[in-house]
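This is query_39.txt (compact mmCIF, C-alpha atoms and all ligand atoms).
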```txt
# COMPACT_ATOMS: atom_id res chain seq x y z
CA MET A 1 2.43 -26.92 3.20
CA LEU A 2 1.21 -23.39 3.80
CA THR A 3 -2.57 -23.56 3.29
CA ASP A 4 -5.26 -20.89 3.52
CA SER A 5 -8.63 -21.17 5.25
CA PHE A 6 -10.23 -22.42 2.00
CA ASN A 7 -7.69 -25.25 1.85
CA ARG A 8 -5.75 -23.72 -1.04
CA PRO A 9 -2.00 -24.43 -0.88
CA ILE A 10 0.07 -21.24 -1.16
CA GLU A 11 2.83 -22.30 -3.51
CA TYR A 12 3.69 -18.98 -5.06
CA LEU A 13 4.95 -15.63 -3.70
CA ARG A 14 5.28 -12.56 -5.89
CA LEU A 15 7.62 -9.93 -4.48
CA SER A 16 7.66 -6.29 -5.43
CA VAL A 17 11.21 -4.97 -5.10
CA THR A 18 10.13 -1.42 -6.00
CA ASP A 19 6.85 0.28 -6.83
CA LYS A 20 8.60 2.73 -9.18
CA CYS A 21 8.59 2.29 -12.93
CA ASP A 22 10.11 4.09 -15.92
CA LEU A 23 6.87 3.59 -17.90
CA ARG A 24 3.28 4.72 -17.30
CA CYS A 25 1.17 1.98 -18.85
CA SER A 26 -2.41 3.18 -19.10
CA TYR A 27 -3.76 0.24 -17.06
CA CYS A 28 -1.04 0.28 -14.40
CA ILE A 29 0.39 3.61 -13.15
CA PRO A 30 -1.56 6.79 -13.95
CA GLN A 31 0.32 9.75 -15.48
CA GLY A 32 1.30 12.20 -12.75
CA PHE A 33 1.20 9.56 -9.99
CA THR A 34 3.56 10.55 -7.16
CA GLU A 35 2.61 8.41 -4.16
CA PHE A 36 5.54 6.01 -4.39
CA GLU A 37 6.85 4.36 -1.24
CA LYS A 38 9.71 6.23 0.43
CA PRO A 39 13.04 4.35 0.10
CA GLU A 40 13.44 4.29 3.91
CA ASN A 41 10.34 2.07 4.06
CA TRP A 42 11.59 -0.42 1.45
CA LEU A 43 12.44 -3.91 2.56
CA SER A 44 16.21 -4.42 2.49
CA PHE A 45 17.72 -7.39 0.66
CA ASP A 46 18.28 -8.97 4.11
CA ASP A 47 14.56 -8.56 4.89
CA ILE A 48 13.51 -10.01 1.55
CA GLU A 49 15.87 -12.96 1.92
CA ARG A 50 14.50 -13.66 5.40
CA ILE A 51 10.90 -13.59 4.22
CA VAL A 52 11.60 -15.79 1.19
CA ALA A 53 13.50 -18.29 3.35
CA ALA A 54 10.56 -18.42 5.77
CA PHE A 55 8.04 -19.01 2.96
CA ALA A 56 10.32 -21.70 1.51
CA ARG A 57 10.51 -23.46 4.88
CA LEU A 58 6.71 -23.39 4.97
CA GLY A 59 6.57 -25.12 1.57
CA THR A 60 6.21 -22.25 -0.92
CA SER A 61 8.55 -23.09 -3.80
CA ARG A 62 7.91 -20.54 -6.57
CA PHE A 63 8.99 -16.93 -6.27
CA ARG A 64 8.66 -14.08 -8.76
CA LEU A 65 10.32 -10.66 -8.55
CA THR A 66 8.14 -7.88 -9.86
CA GLY A 67 7.16 -4.28 -9.20
CA GLY A 68 6.83 -1.49 -10.33
CA GLU A 69 9.77 -2.21 -12.56
CA PRO A 70 12.05 -4.65 -10.70
CA LEU A 71 15.11 -3.87 -12.83
CA LEU A 72 15.12 -0.34 -11.38
CA ARG A 73 16.09 -1.76 -7.97
CA LYS A 74 19.85 -1.30 -7.53
CA ASN A 75 22.03 -4.42 -7.42
CA LEU A 76 19.12 -6.71 -8.29
CA PRO A 77 21.43 -9.56 -9.46
CA ASP A 78 22.84 -9.68 -5.90
CA LEU A 79 19.36 -10.27 -4.54
CA VAL A 80 18.70 -12.92 -7.20
CA SER A 81 21.85 -14.85 -6.29
CA ARG A 82 20.93 -14.73 -2.59
CA LEU A 83 17.39 -15.99 -3.22
CA ALA A 84 18.45 -18.62 -5.78
CA ALA A 85 20.78 -20.15 -3.18
CA LEU A 86 18.04 -20.64 -0.56
CA PRO A 87 16.89 -24.21 0.11
CA GLY A 88 13.35 -24.78 -1.18
CA VAL A 89 13.45 -22.00 -3.78
CA ASN A 90 12.77 -24.22 -6.80
CA ASP A 91 11.64 -21.62 -9.28
CA LEU A 92 12.81 -18.01 -9.34
CA SER A 93 11.37 -15.80 -12.06
CA LEU A 94 10.95 -12.13 -12.88
CA THR A 95 8.44 -9.93 -14.70
CA THR A 96 9.85 -6.83 -16.41
CA ASN A 97 8.95 -4.19 -18.96
CA GLY A 98 12.25 -5.07 -20.65
CA THR A 99 13.72 -1.58 -20.97
CA GLN A 100 16.79 -2.39 -18.85
CA LEU A 101 17.40 -5.93 -20.09
CA THR A 102 20.31 -5.11 -22.43
CA ARG A 103 22.28 -4.23 -19.29
CA LEU A 104 20.83 -6.80 -16.90
CA ALA A 105 19.74 -9.96 -18.74
CA ASP A 106 23.16 -11.59 -18.59
CA PRO A 107 23.96 -10.74 -14.93
CA LEU A 108 20.48 -11.94 -13.91
CA LYS A 109 20.91 -15.23 -15.76
CA ARG A 110 24.32 -15.77 -14.19
CA ALA A 111 22.89 -14.93 -10.75
CA GLY A 112 20.46 -17.85 -11.07
CA LEU A 113 17.23 -16.37 -12.42
CA ASN A 114 15.28 -19.23 -14.03
CA ARG A 115 12.56 -17.57 -16.07
CA LEU A 116 11.59 -14.24 -17.53
CA ASN A 117 8.28 -12.57 -18.49
CA VAL A 118 8.44 -9.39 -20.54
CA SER A 119 5.50 -7.02 -21.03
CA LEU A 120 4.83 -5.84 -24.57
CA ASP A 121 1.42 -4.69 -25.81
CA SER A 122 1.92 -4.22 -29.54
CA MET A 123 4.33 -4.66 -32.45
CA ARG A 124 3.63 -1.05 -33.47
CA ARG A 125 5.99 1.43 -31.86
CA GLU A 126 3.37 4.23 -31.80
CA CYS A 127 0.91 1.95 -30.04
CA VAL A 128 3.54 0.92 -27.48
CA SER A 129 4.23 4.64 -26.90
CA GLN A 130 0.51 5.36 -26.56
CA ILE A 131 0.01 2.61 -23.95
CA SER A 132 3.30 2.90 -22.04
CA GLY A 133 3.60 6.70 -22.18
CA LYS A 134 7.12 6.44 -23.59
CA ASP A 135 8.85 5.54 -26.87
CA SER A 136 10.09 2.27 -25.37
CA PHE A 137 9.68 -0.17 -28.30
CA ASP A 138 13.32 -0.30 -29.47
CA LYS A 139 14.64 -0.72 -25.94
CA VAL A 140 12.25 -3.61 -25.28
CA MET A 141 13.20 -5.30 -28.57
CA ALA A 142 16.91 -4.93 -27.77
CA GLY A 143 16.20 -6.23 -24.27
CA LEU A 144 14.45 -9.31 -25.63
CA ASN A 145 17.44 -10.03 -27.90
CA ALA A 146 19.77 -9.67 -24.92
CA ALA A 147 17.62 -12.04 -22.88
CA LYS A 148 17.76 -14.69 -25.59
CA ALA A 149 21.52 -14.22 -25.95
CA ALA A 150 21.89 -14.62 -22.18
CA GLY A 151 20.25 -18.04 -22.46
CA PHE A 152 16.67 -17.42 -21.29
CA GLU A 153 14.36 -19.85 -23.07
CA ARG A 154 10.59 -19.87 -23.56
CA ILE A 155 10.36 -16.21 -22.54
CA LYS A 156 6.75 -15.21 -21.90
CA ILE A 157 5.40 -12.03 -23.45
CA ASN A 158 2.61 -10.40 -21.42
CA MET A 159 0.09 -8.40 -23.47
CA VAL A 160 -2.98 -6.61 -22.09
CA PRO A 161 -5.49 -6.35 -24.98
CA LEU A 162 -7.46 -3.11 -24.75
CA PRO A 163 -10.56 -2.56 -26.93
CA GLY A 164 -10.02 0.24 -29.43
CA VAL A 165 -6.28 0.31 -28.75
CA ASN A 166 -4.36 -2.89 -29.54
CA ILE A 167 -6.85 -5.68 -30.29
CA ASP A 168 -5.89 -5.66 -33.98
CA ASP A 169 -2.27 -6.25 -32.94
CA ILE A 170 -2.91 -9.74 -31.57
CA ASP A 171 -2.15 -11.49 -34.90
CA ALA A 172 1.15 -9.60 -35.29
CA MET A 173 2.06 -10.47 -31.69
CA ILE A 174 1.33 -14.14 -32.44
CA ALA A 175 3.54 -14.04 -35.57
CA PHE A 176 6.35 -12.40 -33.57
CA CYS A 177 6.11 -14.97 -30.77
CA ILE A 178 6.13 -17.91 -33.23
CA LYS A 179 9.24 -16.50 -34.93
CA GLN A 180 11.06 -15.81 -31.66
CA GLN A 181 9.82 -18.95 -29.85
CA PHE A 182 8.20 -16.85 -27.15
CA ILE A 183 5.03 -17.83 -25.28
CA LEU A 184 2.32 -15.18 -25.68
CA ARG A 185 0.10 -14.48 -22.67
CA LEU A 186 -2.96 -12.31 -22.97
CA ILE A 187 -4.27 -10.74 -19.76
CA GLU A 188 -7.73 -9.23 -19.20
CA VAL A 189 -7.34 -5.78 -17.70
CA MET A 190 -8.24 -5.62 -14.00
CA PRO A 191 -9.97 -2.57 -12.49
CA MET A 192 -7.18 -1.60 -10.12
CA GLY A 193 -7.14 2.14 -9.50
CA ASN A 194 -9.58 4.71 -10.87
CA HIS A 195 -7.66 5.02 -14.14
CA ALA A 196 -7.83 1.26 -14.87
CA GLN A 197 -11.51 1.19 -13.88
CA ARG A 198 -12.21 3.41 -16.90
CA LEU A 199 -10.80 0.78 -19.30
CA ASP A 200 -12.98 -1.90 -20.87
CA TYR A 201 -11.68 -5.43 -20.69
CA PHE A 202 -11.44 -7.67 -23.75
CA ASN A 203 -13.16 -11.03 -23.24
CA LEU A 204 -10.50 -13.65 -23.92
CA ILE A 205 -12.86 -16.62 -23.58
CA GLN A 206 -14.68 -15.26 -26.63
CA LEU A 207 -11.41 -14.52 -28.42
CA ILE A 208 -10.07 -18.06 -28.08
CA GLU A 209 -13.06 -19.39 -30.06
CA ASN A 210 -11.82 -17.33 -33.05
CA LEU A 211 -8.15 -18.13 -32.54
CA LYS A 212 -8.62 -21.91 -32.19
CA PRO A 213 -9.54 -22.61 -35.85
CA LYS A 214 -7.27 -19.85 -37.19
CA TYR A 215 -4.10 -21.22 -35.59
CA GLY A 216 -5.14 -24.85 -34.99
CA LEU A 217 -4.96 -24.40 -31.23
CA GLN A 218 -5.75 -27.19 -28.79
CA ARG A 219 -5.99 -26.89 -25.02
CA SER A 220 -2.59 -27.86 -23.56
CA SER A 221 -2.19 -29.84 -20.38
CA LYS A 222 1.39 -28.59 -19.97
CA VAL A 223 2.12 -26.30 -17.07
CA TYR A 224 4.27 -23.27 -17.78
CA GLY A 225 5.02 -21.81 -14.37
CA GLY A 226 2.83 -21.55 -11.31
CA GLY A 227 0.42 -18.85 -12.43
CA PRO A 228 -3.26 -18.79 -13.36
CA ALA A 229 -2.83 -18.89 -17.16
CA LYS A 230 -4.56 -21.60 -19.16
CA TYR A 231 -2.58 -22.67 -22.20
CA TRP A 232 -3.34 -23.54 -25.82
CA GLU A 233 -0.87 -24.94 -28.36
CA ASN A 234 -0.80 -25.48 -32.11
CA GLU A 235 -0.23 -28.98 -33.48
CA SER A 236 3.45 -28.57 -34.33
CA GLY A 237 4.15 -27.11 -30.90
CA SER A 238 5.65 -23.97 -32.47
CA PHE A 239 3.18 -21.68 -30.69
CA THR A 240 1.88 -21.58 -27.15
CA LEU A 241 -0.79 -19.11 -26.03
CA GLY A 242 -1.66 -18.45 -22.39
CA LEU A 243 -4.86 -16.70 -21.30
CA ILE A 244 -5.35 -14.98 -17.96
CA THR A 245 -9.08 -14.34 -17.52
CA PRO A 246 -9.83 -12.72 -14.14
CA ARG A 247 -12.93 -11.03 -15.62
CA SER A 248 -14.53 -13.55 -17.98
CA GLN A 249 -13.70 -16.74 -16.07
CA HIS A 250 -12.16 -16.20 -12.65
CA PHE A 251 -9.84 -18.81 -11.19
CA CYS A 252 -10.03 -17.93 -7.49
CA ASP A 253 -10.83 -21.48 -6.39
CA THR A 254 -7.33 -22.53 -7.47
CA CYS A 255 -5.54 -19.33 -6.44
CA ASN A 256 -2.17 -20.38 -5.04
CA ARG A 257 -0.42 -17.06 -4.53
CA VAL A 258 0.05 -14.01 -2.38
CA ARG A 259 1.99 -10.79 -2.97
CA LEU A 260 4.54 -8.89 -0.92
CA SER A 261 4.81 -5.15 -1.54
CA VAL A 262 8.07 -3.22 -1.29
CA ASP A 263 7.24 -2.02 2.25
CA GLY A 264 6.67 -5.55 3.58
CA THR A 265 2.88 -5.70 3.33
CA LEU A 266 1.47 -9.05 2.26
CA PHE A 267 -1.54 -8.60 -0.02
CA LEU A 268 -3.67 -11.71 0.03
CA CYS A 269 -5.70 -11.01 -3.13
CA LEU A 270 -5.24 -8.60 -6.06
CA GLY A 271 -8.92 -7.73 -5.98
CA GLN A 272 -9.43 -7.25 -2.24
CA ASP A 273 -7.78 -5.06 0.40
CA HIS A 274 -6.97 -7.83 2.90
CA SER A 275 -3.36 -7.31 3.96
CA PHE A 276 -0.87 -8.03 6.73
CA SER A 277 2.38 -6.16 7.44
CA LEU A 278 5.45 -8.28 8.10
CA LYS A 279 7.59 -5.17 8.70
CA PRO A 280 7.09 -5.03 12.52
CA TYR A 281 8.26 -8.63 12.85
CA LEU A 282 11.44 -7.87 10.92
CA ALA A 283 12.05 -4.64 12.84
CA ASP A 284 11.71 -6.52 16.14
CA ARG A 285 14.19 -9.14 14.95
CA CYS A 286 11.70 -11.88 15.76
CA SER A 287 12.69 -15.54 15.68
CA ASP A 288 12.24 -17.65 12.55
CA ALA A 289 9.34 -19.44 14.25
CA GLU A 290 7.62 -16.10 15.02
CA LEU A 291 8.03 -14.98 11.42
CA GLU A 292 6.60 -18.25 10.10
CA ASN A 293 3.71 -17.91 12.53
CA ALA A 294 3.04 -14.35 11.30
CA ILE A 295 3.03 -15.58 7.71
CA GLN A 296 0.50 -18.30 8.53
CA GLN A 297 -1.69 -15.70 10.31
CA ALA A 298 -1.55 -13.56 7.16
CA ILE A 299 -2.43 -16.49 4.90
CA ASN A 300 -5.50 -17.18 7.08
CA LEU A 301 -6.80 -13.76 5.98
CA LYS A 302 -6.79 -14.68 2.28
CA PRO A 303 -10.32 -14.00 0.99
CA GLU A 304 -12.26 -16.50 -1.06
CA LYS A 305 -12.38 -14.46 -4.26
CA HIS A 306 -12.03 -11.10 -5.92
CA GLU A 307 -15.10 -9.09 -6.98
CA PHE A 308 -13.77 -7.36 -10.09
CA ASN A 309 -17.08 -7.86 -11.91
CA ASP A 310 -19.53 -7.20 -9.04
CA LYS A 311 -17.61 -4.30 -7.48
CA PRO A 312 -15.27 -2.96 -10.15
CA GLU A 313 -14.80 0.31 -8.26
CA GLN A 314 -13.61 -1.40 -5.07
CA ILE A 315 -9.81 -1.42 -5.48
CA VAL A 316 -8.19 2.02 -5.60
CA ARG A 317 -4.71 0.55 -5.07
CA ILE A 318 -2.83 0.56 -8.38
CA MET A 319 -1.24 -2.63 -9.69
CA ALA A 320 2.35 -1.35 -9.27
CA LYS A 321 1.72 -0.84 -5.52
CA THR A 322 0.77 -4.46 -5.05
CA GLY A 323 3.37 -6.23 -7.15
CA GLY A 324 1.44 -7.41 -10.18
N1 LIG A 401 7.10 -3.49 -14.69
C1 LIG A 401 6.98 -4.88 -14.95
C2 LIG A 401 6.23 -5.13 -16.22
O1 LIG A 401 5.89 -4.17 -16.91
O2 LIG A 401 6.04 -6.28 -16.57
C3 LIG A 401 6.41 -5.70 -13.81
C4 LIG A 401 5.25 -5.17 -13.05
S1 LIG A 401 3.72 -5.09 -13.94
C5 LIG A 401 2.64 -4.52 -12.67
C6 LIG A 401 3.35 -6.82 -14.10
C7 LIG A 401 2.27 -7.17 -15.07
O3 LIG A 401 1.07 -6.62 -14.62
C8 LIG A 401 2.51 -6.66 -16.49
O4 LIG A 401 2.49 -7.73 -17.39
C9 LIG A 401 1.34 -5.74 -16.73
O5 LIG A 401 0.90 -5.84 -18.05
C10 LIG A 401 0.31 -6.27 -15.77
N2 LIG A 401 -0.68 -5.27 -15.35
C11 LIG A 401 -0.47 -4.07 -14.78
N3 LIG A 401 -1.64 -3.47 -14.51
C12 LIG A 401 -2.62 -4.32 -14.90
C13 LIG A 401 -4.03 -4.27 -14.85
N4 LIG A 401 -4.69 -3.24 -14.37
N5 LIG A 401 -4.71 -5.36 -15.33
C14 LIG A 401 -4.07 -6.42 -15.83
N6 LIG A 401 -2.74 -6.52 -15.88
C15 LIG A 401 -2.01 -5.48 -15.43
```

Starting from the file, lay out its structure as structure tokens.
Ligand code: SAM
Amino acid sequence: MLTDSFNRPIEYLRLSVTDKCDLRCSYCIPQGFTEFEKPENWLSFDDIERIVAAFARLGTSRFRLTGGEPLLRKNLPDLVSRLAALPGVNDLSLTTNGTQLTRLADPLKRAGLNRLNVSLDSMRRECVSQISGKDSFDKVMAGLNAAKAAGFERIKINMVPLPGVNIDDIDAMIAFCIKQQFILRLIEVMPMGNHAQRLDYFNLIQLIENLKPKYGLQRSSKVYGGGPAKYWENESGSFTLGLITPRSQHFCDTCNRVRLSVDGTLFLCLGQDHSFSLKPYLADRCSDAELENAIQQAINLKPEKHEFNDKPEQIVRIMAKTGG
């Protein structure tokens, strides 16, 4: 098993297939941002397949496609079918803003995608427009319907609660998720990029104390995916809530993941700049053993923890550049 210098097994790779996005969520890509990676620097599907195969040989079994907006990458279902066929790839998932799902949910399901997360920050269209910079609500709703029709089950909805913006929407999001049998995941905003550093985070550890009696929630021991969320469930099992709390209760001691950006840079921690480029190894057509060795060298650089609370101004890299 691929293990870092703090003895944490690296079971999970998140891959950005593009840093571009059709939305401009206030916590993710700032309005007017232009520094996207040039297409000539993008990893090809062959490169991505090689890297995923190498991680899988080293024991990593969960892979998530993300971005930017991964559905903007041309011929994505082809990549999914190539990755799904690799030995050792036991869980292949994708995080999307949902705007392209009416067109792509079915091809992605048929290509072998196992699981889907869709970002949605409110049930109010004007609030979604305010946060995402675009009137995207109807497209996302249609995309969610298409995903259900394609056969995706237990879809996770990612919501970033922002004080003064969408906190009052949490109850409506819960009602929607119960009705649709979606899992709701609330994520504390991380200070990635100057724009996100200006946003206050909403303390989810405090929130859960209010939600527990209101919805009869109990801590769940079930595992839904390989991520850092901690889950709560109501008694009937009709509602599952996941909390991701990098600010109020960090989970670095159990961090099991690294991220690959679209240009082949491995980022070892969301909240630190430690990185390692795999691109030169691919360009030199190195052997499989050399690539595996390079990956292990990169993993050795993984830092112990992020410092989002102590040094909130530290990370100027925006989330979409890293592959959130
Ligand atoms: N475009 C896709 C989407 O919207 O889901 C995938 C990429 S996006 C970077 C992945 C996730 O990161 C989304 O759920 C988004 O809400 C979350 N995210 C982006 N910036 C964030 C930040 N600064 N803090 C916390 N979560 C963030």

Please return as a list in words the residues found within 7 Å of ligand LIG 401 (chain A), counting all atoms listed in the file.
Cys21, Tyr27, Cys28, Thr66, Gly67, Gly68, Glu69, Pro70, Thr95, Thr96, Asn97, Asn117, Val118, Ser119, Asn158, Met159, Val160, Ile187, Glu188, Val189, Met190, Pro191, Met192, Ala196, Met319, Ala320, Gly323 and Gly324 of chain A

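Between Pro163 in chain A and the candidates A:Asp200, A:Asp135, A:Glu307, A:Glu11, the tightest atom-to-atom separation, counting all atoms listed in the file, involves A:Asp200.
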
Return the single residue from A:Asn300, A:Ser44, A:Ser122, A:Ser26 that is closest to Phe267 in chain A, with distances computed using all atoms listed in the file.
A:Asn300

One decimal, Å: what's the distance from CA of Arg259 in chain A over to CA of Thr322 in chain A, could you say?
6.8 Å

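Using all atoms listed in the file, the nearest neighbour of Ser248 in chain A within the list A:Ser81, A:Gln206, A:Asn114, A:Ser61 is A:Gln206.
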
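Between CA of Lys74 in chain A and CA of Pro39 in chain A lies a distance of 11.7 Å.
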
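With all atoms listed in the file taken into account, the protein and nucleic acid residues at most 7 Å from Met173 in chain A (excluding it and anything under 3 positions from it in its own chain) are Ser122, Met123, Asp169, Ile170, Phe176 and Cys177 of chain A.
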
I want to know what sits within 9 Å of Asp47 in chain A, based on all atoms listed in the file, with residues of the same chain fewer than 5 positions away left out; could you give that as a compact mmCIF listing (two decimals) with C-alpha atoms, in the coordinates of the input?
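Saved the output as part.txt:
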```txt
# COMPACT_ATOMS: atom_id res chain seq x y z
CA VAL A 52 11.60 -15.79 1.19
CA GLY A 264 6.67 -5.55 3.58
CA LYS A 279 7.59 -5.17 8.70
CA LEU A 282 11.44 -7.87 10.92
```

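The space separating CA of Asp4 in chain A from CA of Glu304 in chain A comes to 9.4 Å.
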
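Closest approach to Gly32 in chain A among A:Arg14, A:Arg110, A:His195, A:Arg8 is made by A:His195 (distances from only C-alpha atoms).
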
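Remark: for Leu65 in chain A, the closest of the candidate residues A:Val128, A:Leu13, A:Ile29, A:Ile174 is A:Leu13 (distances computed over only C-alpha atoms).
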
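Each of A:His250, A:Gln181, A:Asp171, A:Leu58 was compared to Tyr215 in chain A using all atoms listed in the file, and A:Asp171 turns out to be the nearest.
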
Within 12 Å of range 82-91 of chain A, which residues of range 150-237 of chain A come that close, and what is the closest atom pair and distance in Å for each? Count all atoms listed in the file and give it as a tab-separated table.
```
residue	atom	partner	partner_atom	distance
A:Tyr224	CA	A:Asp91	CA	11.4
A:Gly225	CA	A:Asp91	CA	8.4
A:Gly226	CA	A:Asp91	CA	9.0
A:Gly227	CA	A:Asp91	CA	12.0
```

Would you list the residues near (11.5, 9.0, -14.2), meaning any protein, DNA or RNA residue with an atom at most 12 Å from that point in file coordinates, counting all atoms listed in the file, as a PyMOL selection string?
chain A and resi 20-24+31-34+36+69+72+133-134

Contacts of Pro213 in chain A within 12 Å, all atoms listed in the file, excl. fewer than 4 positions in-chain, as a PyMOL selection string
chain A and resi 207-209+217-218+232-235

Output for the residues just chosen: C-alpha atoms as a short mmCIF file (atom, residue, chain, number, x, y, z; two decimals), in the frame of the given file:
```cif
data_model
loop_
_atom_site.label_atom_id
_atom_site.label_comp_id
_atom_site.auth_asym_id
_atom_site.auth_seq_id
_atom_site.Cartn_x
_atom_site.Cartn_y
_atom_site.Cartn_z
CA LEU A 207 -11.41 -14.52 -28.42
CA ILE A 208 -10.07 -18.06 -28.08
CA GLU A 209 -13.06 -19.39 -30.06
CA LEU A 217 -4.96 -24.40 -31.23
CA GLN A 218 -5.75 -27.19 -28.79
CA TRP A 232 -3.34 -23.54 -25.82
CA GLU A 233 -0.87 -24.94 -28.36
CA ASN A 234 -0.80 -25.48 -32.11
CA GLU A 235 -0.23 -28.98 -33.48
#
```

Set the distance at 9 Å and use only C-alpha atoms: which residues neighbour Glu37 in chain A once local chain neighbours fewer than 3 positions away are removed? I'd like the list as a ChimeraX atom specification.
/A:18-20,40-42,262-263,321

Pick out the residues sitting within 6 Å of Leu92 in chain A, and hand them over as a PDB file with C-alpha atoms, in the coordinates of the input; count all atoms listed in the file, and ignore anything fewer than 3 positions along from it in its own chain.
```
ATOM      1  CA  PHE A  63       8.990 -16.930  -6.270  1.00  0.00           C
ATOM      2  CA  ARG A  64       8.660 -14.080  -8.760  1.00  0.00           C
ATOM      3  CA  LEU A 113      17.230 -16.370 -12.420  1.00  0.00           C
ATOM      4  CA  ASN A 114      15.280 -19.230 -14.030  1.00  0.00           C
TER       5      ASN A 114
END
```

Rebuild N, CA, C and O atoms on range 185-196 of chain A, as an mmCIF file, keeping the file's coordinate frame?
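File written: selection-v5.cif
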```cif
data_model
loop_
_atom_site.group_PDB
_atom_site.id
_atom_site.type_symbol
_atom_site.label_atom_id
_atom_site.label_comp_id
_atom_site.auth_asym_id
_atom_site.auth_seq_id
_atom_site.Cartn_x
_atom_site.Cartn_y
_atom_site.Cartn_z
ATOM 1 N N ARG A 185 1.154 -14.421 -23.705
ATOM 2 C CA ARG A 185 0.100 -14.480 -22.670
ATOM 3 C C ARG A 185 -0.734 -13.225 -22.758
ATOM 4 O O ARG A 185 -0.215 -12.116 -22.697
ATOM 5 N N LEU A 186 -2.024 -13.431 -22.912
ATOM 6 C CA LEU A 186 -2.960 -12.310 -22.970
ATOM 7 C C LEU A 186 -3.630 -12.203 -21.602
ATOM 8 O O LEU A 186 -4.009 -13.217 -21.003
ATOM 9 N N ILE A 187 -3.744 -10.973 -21.113
ATOM 10 C CA ILE A 187 -4.270 -10.740 -19.760
ATOM 11 C C ILE A 187 -5.455 -9.771 -19.833
ATOM 12 O O ILE A 187 -5.319 -8.672 -20.402
ATOM 13 N N GLU A 188 -6.587 -10.166 -19.270
ATOM 14 C CA GLU A 188 -7.730 -9.230 -19.200
ATOM 15 C C GLU A 188 -7.415 -8.135 -18.189
ATOM 16 O O GLU A 188 -6.949 -8.426 -17.067
ATOM 17 N N VAL A 189 -7.686 -6.894 -18.582
ATOM 18 C CA VAL A 189 -7.340 -5.780 -17.700
ATOM 19 C C VAL A 189 -8.195 -5.827 -16.424
ATOM 20 O O VAL A 189 -9.390 -6.114 -16.461
ATOM 21 N N MET A 190 -7.536 -5.605 -15.299
ATOM 22 C CA MET A 190 -8.240 -5.620 -14.000
ATOM 23 C C MET A 190 -8.476 -4.191 -13.522
ATOM 24 O O MET A 190 -7.609 -3.332 -13.703
ATOM 25 N N PRO A 191 -9.627 -3.940 -12.896
ATOM 26 C CA PRO A 191 -9.970 -2.570 -12.490
ATOM 27 C C PRO A 191 -9.260 -2.155 -11.202
ATOM 28 O O PRO A 191 -9.883 -2.006 -10.152
ATOM 29 N N MET A 192 -7.962 -1.969 -11.306
ATOM 30 C CA MET A 192 -7.180 -1.600 -10.120
ATOM 31 C C MET A 192 -6.763 -0.140 -10.242
ATOM 32 O O MET A 192 -5.930 0.216 -11.076
ATOM 33 N N GLY A 193 -7.362 0.701 -9.403
ATOM 34 C CA GLY A 193 -7.140 2.140 -9.500
ATOM 35 C C GLY A 193 -8.193 2.765 -10.393
ATOM 36 O O GLY A 193 -8.712 2.117 -11.311
ATOM 37 N N ASN A 194 -8.508 4.038 -10.117
ATOM 38 C CA ASN A 194 -9.580 4.710 -10.870
ATOM 39 C C ASN A 194 -9.294 4.758 -12.364
ATOM 40 O O ASN A 194 -10.209 4.645 -13.181
ATOM 41 N N HIS A 195 -8.022 4.917 -12.723
ATOM 42 C CA HIS A 195 -7.660 5.020 -14.140
ATOM 43 C C HIS A 195 -7.957 3.695 -14.856
ATOM 44 O O HIS A 195 -8.514 3.688 -15.950
ATOM 45 N N ALA A 196 -7.607 2.561 -14.228
ATOM 46 C CA ALA A 196 -7.830 1.260 -14.870
ATOM 47 C C ALA A 196 -9.312 0.901 -14.878
ATOM 48 O O ALA A 196 -9.777 0.139 -15.728
#
```
